[in-house]
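Q: Here it is: the structure, laid out below.
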Amino acid sequence: MLCAVLLWAGLVLGHSAPTVTELWEKWQMKHGKVYDDQMEVAYRRAVWEKNVRLVLRHNKEASAGLHSFTMGLNHLADMTAEEVNEKLNGLKMEEPTRVRNYTFKDLSGQKMPKSVDWRKNGMVGPVRNQGMCGSCWAFSTMGALEAQMRRQTGALVTLSPQNLVDCSASNHGCRGGYLSAAFRYVIRNQGVDSENFYPYETRDGPCRYSVEGMAGYCSDFHDVPPGNERALQAAVATVGPISVAVNAMLQSFHFYKGGLYNEPNCDPNHRNHAVLLVGYGSEDGQDFWIVKNSWGVEWGEGGYIRIVRNRNNLCGIASNAVYPSV
């Protein structure tokens with residue numbers, strides 16, 4: 001199999017097939033990988049080679065029409081699925097006792113735009129990278145609040161996930177958090193700082209919120225009726241970007257490169273990652289959601305993934321959708 005990998009890499013790079021070691025070294029250099037000792041180097045290389053085989057096999061099947069998306073060797077390629085899920089996917093499921101706020105005015109029975117992309121309306125900030133910290137919940141909720149502040153003030157200001165990581169006592173920082181608790185913190189705190197004032201650090205720290213750096217506020221938050229993709233479509237079309245939970249447990253998600261993510265094994269009942277839903281559309285008759293991740297621009301389609309829509313709530317994207325009001 002690795003011989004096939006080398007041949008494939010040679011074709012991609014436009015020269016004779018490199019050795020496995022050359023490929024490994026190029027990948028390390030591209031992603032700035034540095035390891036503590038030779039034992040870790042050997043382990044990480046073994047994991048990387050296994051993932052190379054996985055990606056190559058998937059893409060070969062995709063070229064034969066068996067998959068609607070491709071995979072790639074991004075910065076996570078030296079990690080196992082278990083490590084990615086433990087370190088990056090920090091969403092916690094809502095407490096069963098929480099009374100959900102279904103005050104969203106459901107317009108799903110009305111005619112809606114065929115496509116929406118809030119990136120084109122200046123409502124979505126740049127793709128960011130949460131690093132080895134399970135702070136996805138903070139990036140997702142701040143993205144939704146940034147959009148509503150943009151609608152309120154006319155300015156798109158990047159808000160501080162680190163402010164939530166350090167200060168939201170109902171959440172657990174890099175060990176994970178709840179979407180609703182993130183918004184409740186902003187409401188009780190009467191604000192959240194900007195990224196410029198309170199920059200991201202990829203780790204837990206002491207709370208340093210200051211009203212001097214306050215750039216966002218929130219008066220309430222609202223739940224979209226769970227499991228209803230039509231209602232979620234209406235929310236995206238009328239409200240703007242929405243914080244959602246998805247199943248990101250599979251390696252096909254970890255190494256997603258491009259195309260429509262139609263993964264039959266993506267169980268809607270196992271949601272572990274928070275992302276930002278910024279639009280929807282259709283391609284060749286297949287509906288899809290446009291989703292912003294917080295794993296950097298080298299992941300997916302410049303940091304985004306298109307998940308198929310109206311396929312029985314694939315990955316659970318409509319099961320826990322929340323947005324703030326300001």
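In the structure tokens, the first chain shown is A, the next is B, and so on; residue numbers restart at 1 for each chain, and ligands run from 1 in the order shown.
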At a cut-off of 12 Å, using only C-alpha atoms, what residues contact Glu212 in chain A? Leave out same-chain residues fewer than 2 positions from it and give the result as a PyMOL selection string.

A: chain A and resi 191-194+196-198+208-210+214-216

Q: For range 28-132 of chain A against range 137-156 of chain A, with a cut-off of 9 Å and counting only C-alpha atoms, what is the closest atom pair and its distance in Å to one decimal for every residue that makes the cut, ordered by chain and number, as CSV?

A:
residue,atom,partner,partner_atom,distance
A:Asn89,CA,A:Trp137,CA,8.8
A:Gly90,CA,A:Trp137,CA,6.9
A:Leu91,CA,A:Trp137,CA,5.7
A:Lys92,CA,A:Trp137,CA,8.3
A:Trp118,CA,A:Ala147,CA,8.8
A:Gly122,CA,A:Leu156,CA,7.2
A:Met123,CA,A:Ala147,CA,4.8
A:Val124,CA,A:Ala147,CA,6.3
A:Gly125,CA,A:Leu156,CA,7.2
A:Arg128,CA,A:Phe139,CA,8.3
A:Gln130,CA,A:Phe139,CA,7.7

Q: Give me, please, the distance in Å between CA of Gln162 in chain A and CA of Gln233 in chain A, quoted to one decimal.

A: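 The value is 29.7 Å.
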
Q: Taking only C-alpha atoms into account, name the residue in A:Arg203, A:Leu66, A:Asp223, A:Tyr178 that is nearest to Pro264 in chain A.

A: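 The closest residue to Pro264 in chain A is A:Leu66.
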
Q: Which value, in Å to one decimal, gives the distance between CA of His31 in chain A and CA of Val157 in chain A?

A: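 Value for the CA of His31 in chain A-CA of Val157 in chain A distance: 28.3 Å.
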
Q: Can you pull out every residue from range 190-321 of chain A that DSSP, working from the backbone, puts in helix (DSSP H, G or I), and format the result as number ranges by chain?

A: A: 211-213, 229-238, 251-254, 314-316

Q: Can you list, as a PyMOL selection string, every protein, DNA or RNA residue that comes within 6 Å of Glu195 in chain A when you count only C-alpha atoms, leaving out same-chain residues fewer than 5 positions away?

A: chain A and resi 158-160

Q: Taking only C-alpha atoms into account, name the residue in A:Met132, A:Leu73, A:Ala64, A:Val278 that is nearest to Lys257 in chain A.

A: A:Leu73

Q: Among the residues of range 29-219 of chain A, find those DSSP assigns to strand (DSSP E or B) from the backbone and print them as a short mmCIF file (atom, residue, chain, number, x, y, z; two decimals) with C-alpha atoms, in the first residue's frame.

A:
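Output file part_30.cif is given in full below:
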data_model
loop_
_atom_site.label_atom_id
_atom_site.label_comp_id
_atom_site.auth_asym_id
_atom_site.auth_seq_id
_atom_site.Cartn_x
_atom_site.Cartn_y
_atom_site.Cartn_z
CA PHE A 69 -16.19 13.85 -0.56
CA THR A 70 -12.42 13.53 -0.36
CA MET A 71 -10.02 13.32 2.56
CA LEU A 91 -18.95 19.83 23.32
CA VAL A 116 -27.98 31.41 1.89
CA ASP A 117 -24.32 32.16 2.62
CA ASN A 129 -7.84 27.28 15.09
CA LEU A 159 -15.06 38.13 20.13
CA GLY A 177 -18.65 23.10 27.61
CA VAL A 192 -17.78 39.54 26.62
CA ASP A 193 -14.43 40.97 25.57
CA SER A 194 -13.03 41.27 22.06
CA MET A 214 -16.23 44.51 26.18
CA ALA A 215 -17.28 44.18 22.53
CA GLY A 216 -20.32 41.92 22.65
#

Q: Here is a test: counting only C-alpha atoms, which residue of A:Ser252, A:Asn262, A:Gly296, A:Gly32 is nearest to Arg57 in chain A?

A: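 Of all the options, A:Ser252 lies closest to Arg57 in chain A.
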
Q: Which neighbours of Gly279 in chain A fall inside 9 Å, counting only C-alpha atoms, when residues of the same chain fewer than 5 positions from it are skipped, and could you give them as an MDAnalysis selection string?

A: chainID A and resid 115:119 233 236:237 240:241 288:291

Q: When you draw a straight line from CA of Lys33 in chain A to CA of His75 in chain A, how long is it in Å?

A: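 CA of His75 in chain A lies at a distance of 8.6 Å from CA of Lys33 in chain A.
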
Q: Ser68 in chain A: which residues within 10 Å, counting only C-alpha atoms, same-chain residues fewer than 6 positions away excluded, as a PyMOL selection string?

A: chain A and resi 59+61-62+258-263+308

Q: Atoms to include: C-alpha atoms. Write the selected residues as an mmCIF file, in the first residue's frame.

A:
data_model
loop_
_atom_site.group_PDB
_atom_site.id
_atom_site.type_symbol
_atom_site.label_atom_id
_atom_site.label_comp_id
_atom_site.auth_asym_id
_atom_site.auth_seq_id
_atom_site.Cartn_x
_atom_site.Cartn_y
_atom_site.Cartn_z
ATOM 1 C CA ASN A 59 -9.876 8.900 -2.178
ATOM 2 C CA GLU A 61 -12.960 4.906 -3.742
ATOM 3 C CA ALA A 62 -14.159 8.506 -4.159
ATOM 4 C CA GLY A 258 -13.720 18.733 0.214
ATOM 5 C CA GLY A 259 -17.036 17.842 -1.366
ATOM 6 C CA LEU A 260 -20.392 17.016 0.194
ATOM 7 C CA TYR A 261 -19.954 15.160 3.461
ATOM 8 C CA ASN A 262 -22.423 12.296 3.164
ATOM 9 C CA GLU A 263 -21.181 9.789 5.715
ATOM 10 C CA VAL A 308 -25.564 16.982 3.244
#

Q: Excluding range 168-173 of chain A and its own-chain neighbours fewer than 4 positions away, which residues fall within 7 Å of it when counting only C-alpha atoms? Please give them as a PyMOL selection string.

A: chain A and resi 135+164+177-178+181-182+185+204

Q: Limited to C-alpha atoms, could you put the picked residues into a file as a PDB file, in the first residue's frame?

A:
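Result file selection_2.pdb:
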ATOM      1  CA  SER A 135     -12.979  24.892  23.299  1.00  0.00           C
ATOM      2  CA  LEU A 164     -15.392  32.075  27.959  1.00  0.00           C
ATOM      3  CA  GLY A 177     -18.653  23.095  27.607  1.00  0.00           C
ATOM      4  CA  TYR A 178     -22.309  23.658  26.778  1.00  0.00           C
ATOM      5  CA  ALA A 181     -24.067  27.858  29.375  1.00  0.00           C
ATOM      6  CA  ALA A 182     -21.800  29.957  27.152  1.00  0.00           C
ATOM      7  CA  TYR A 185     -22.372  33.518  30.966  1.00  0.00           C
ATOM      8  CA  ASP A 204      -7.099  27.333  30.498  1.00  0.00           C
TER       9      ASP A 204
END

Q: Need the shell around Pro268 in chain A: protein/DNA/RNA residues with any atom at most 10 Å away, counting only C-alpha atoms. Skip same-chain ones fewer than 6 positions apart. Format as a VMD selection string?

A: chain A and resid 227 245 to 247 312 to 319

Q: Print the selection's residues with N, CA, C and O atoms to a file, as a compact mmCIF listing (two decimals), in the first residue's frame.

A:
# COMPACT_ATOMS: atom_id res chain seq x y z
N GLY A 227 -34.09 18.41 15.71
CA GLY A 227 -34.29 17.39 14.70
C GLY A 227 -35.03 17.85 13.47
O GLY A 227 -35.24 17.07 12.54
N ALA A 245 -24.52 21.57 17.10
CA ALA A 245 -23.71 20.44 17.55
C ALA A 245 -23.72 19.37 16.47
O ALA A 245 -24.77 19.12 15.86
N VAL A 246 -22.59 18.72 16.25
CA VAL A 246 -22.51 17.65 15.26
C VAL A 246 -21.70 16.48 15.80
O VAL A 246 -20.93 16.61 16.75
N ASN A 247 -21.88 15.35 15.17
CA ASN A 247 -21.06 14.17 15.42
C ASN A 247 -19.77 14.32 14.61
O ASN A 247 -19.79 14.24 13.39
N ASN A 312 -32.09 12.87 6.87
CA ASN A 312 -32.39 12.33 8.20
C ASN A 312 -31.50 12.92 9.28
O ASN A 312 -31.01 12.22 10.15
N ASN A 313 -31.30 14.25 9.18
CA ASN A 313 -30.55 14.95 10.22
C ASN A 313 -29.16 14.35 10.38
O ASN A 313 -28.71 14.03 11.49
N LEU A 314 -28.43 14.24 9.27
CA LEU A 314 -27.11 13.62 9.28
C LEU A 314 -26.19 14.29 10.29
O LEU A 314 -26.12 15.53 10.37
N CYS A 315 -25.48 13.50 11.07
CA CYS A 315 -24.55 13.95 12.09
C CYS A 315 -25.22 14.72 13.23
O CYS A 315 -24.55 15.29 14.09
N GLY A 316 -26.56 14.76 13.23
CA GLY A 316 -27.29 15.44 14.30
C GLY A 316 -27.25 16.94 14.22
O GLY A 316 -27.47 17.63 15.23
N ILE A 317 -27.02 17.49 13.03
CA ILE A 317 -26.81 18.93 12.90
C ILE A 317 -28.01 19.77 13.35
O ILE A 317 -27.85 20.91 13.78
N ALA A 318 -29.21 19.20 13.29
CA ALA A 318 -30.40 19.95 13.69
C ALA A 318 -30.88 19.61 15.10
O ALA A 318 -31.93 20.09 15.53
N SER A 319 -30.12 18.81 15.83
CA SER A 319 -30.58 18.33 17.14
C SER A 319 -30.34 19.30 18.28
O SER A 319 -31.03 19.25 19.29

Q: With distances taken over only C-alpha atoms, which residue among A:Arg175, A:Lys60, A:His254, A:Arg53 lies nearest Ser294 in chain A?

A: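 The answer is A:His254, which sits nearest to Ser294 in chain A.
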